[in-house]
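Visitor: My questions will all concern the structure given below.
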Amino acid sequence: MRPHLPEIRRLGADLAIIGSGDPASAKAFQEDLEIRDVPVFSDEPRRAYELAGFCRGLLPLLRPRAVGNYLRAFFSGHRAGRKQGDALQQGGVLVVRRDGGLLFRFASRASGDHPDAASILEALRAGEEPRICGIPSEGDKPRRVRRL
């Protein structure tokens, strides 16, 4: 998302990252990616992941798509560093309005799943239209995000 940060901010939004590692890991992540102007938060108990409905388990690491994602990343020059946080916790992307309304949701179903930036930017431009992206699961529907 780093290349799209100026566009995100031009649209009146901002980017924040929540990781499942400890605060030192969050700081290291921020420095490794050179994103000092993007807040990175630590959520070791994974409460934000739970509230967002992001899955956790061994299956997402073993899916054929996860292997494909790993190979794609590897051959693009990305290498896994030391493990930080919960390796079984899958992530995702939420675009949340200031009033807590959910504009966009993408939940990773396999390790290495990411939404395309165009979908996220489209949700920001649409503003008020709730939108969910990713592989639908039972119960996926727009909902208010509860504050932690």
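We label chains A, B, ... in the order they appear in the structure tokens, count residues from 1 in each chain, and number ligands from 1 in the order shown.
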Which residues come within 9 Å of Ala26 of chain A, counting only C-alpha atoms, excluding same-chain residues fewer than 4 positions away, as a PDB file with C-alpha atoms, in the first residue's frame?
Guide:
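The new file part_36.pdb reads:
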ATOM      1  CA  ILE A  17      -1.400  -1.333  10.500  1.00  0.00           C
ATOM      2  CA  ILE A  18      -2.266  -3.721  13.318  1.00  0.00           C
ATOM      3  CA  GLY A  19       0.026  -6.681  13.929  1.00  0.00           C
ATOM      4  CA  SER A  20      -0.179  -9.623  16.314  1.00  0.00           C
ATOM      5  CA  GLY A  21       3.423  -9.267  17.487  1.00  0.00           C
ATOM      6  CA  ASP A  22       4.723  -7.438  20.528  1.00  0.00           C
ATOM      7  CA  GLN A  30       7.718  -0.162  10.697  1.00  0.00           C
ATOM      8  CA  GLU A  31      11.462   0.392  10.351  1.00  0.00           C
ATOM      9  CA  VAL A  40       1.800   0.313  13.437  1.00  0.00           C
ATOM     10  CA  PHE A  41      -0.032  -1.063  16.465  1.00  0.00           C
ATOM     11  CA  SER A  42       0.569  -4.206  18.481  1.00  0.00           C
ATOM     12  CA  GLN A  84       6.817 -11.924  14.512  1.00  0.00           C
TER      13      GLN A  84
END
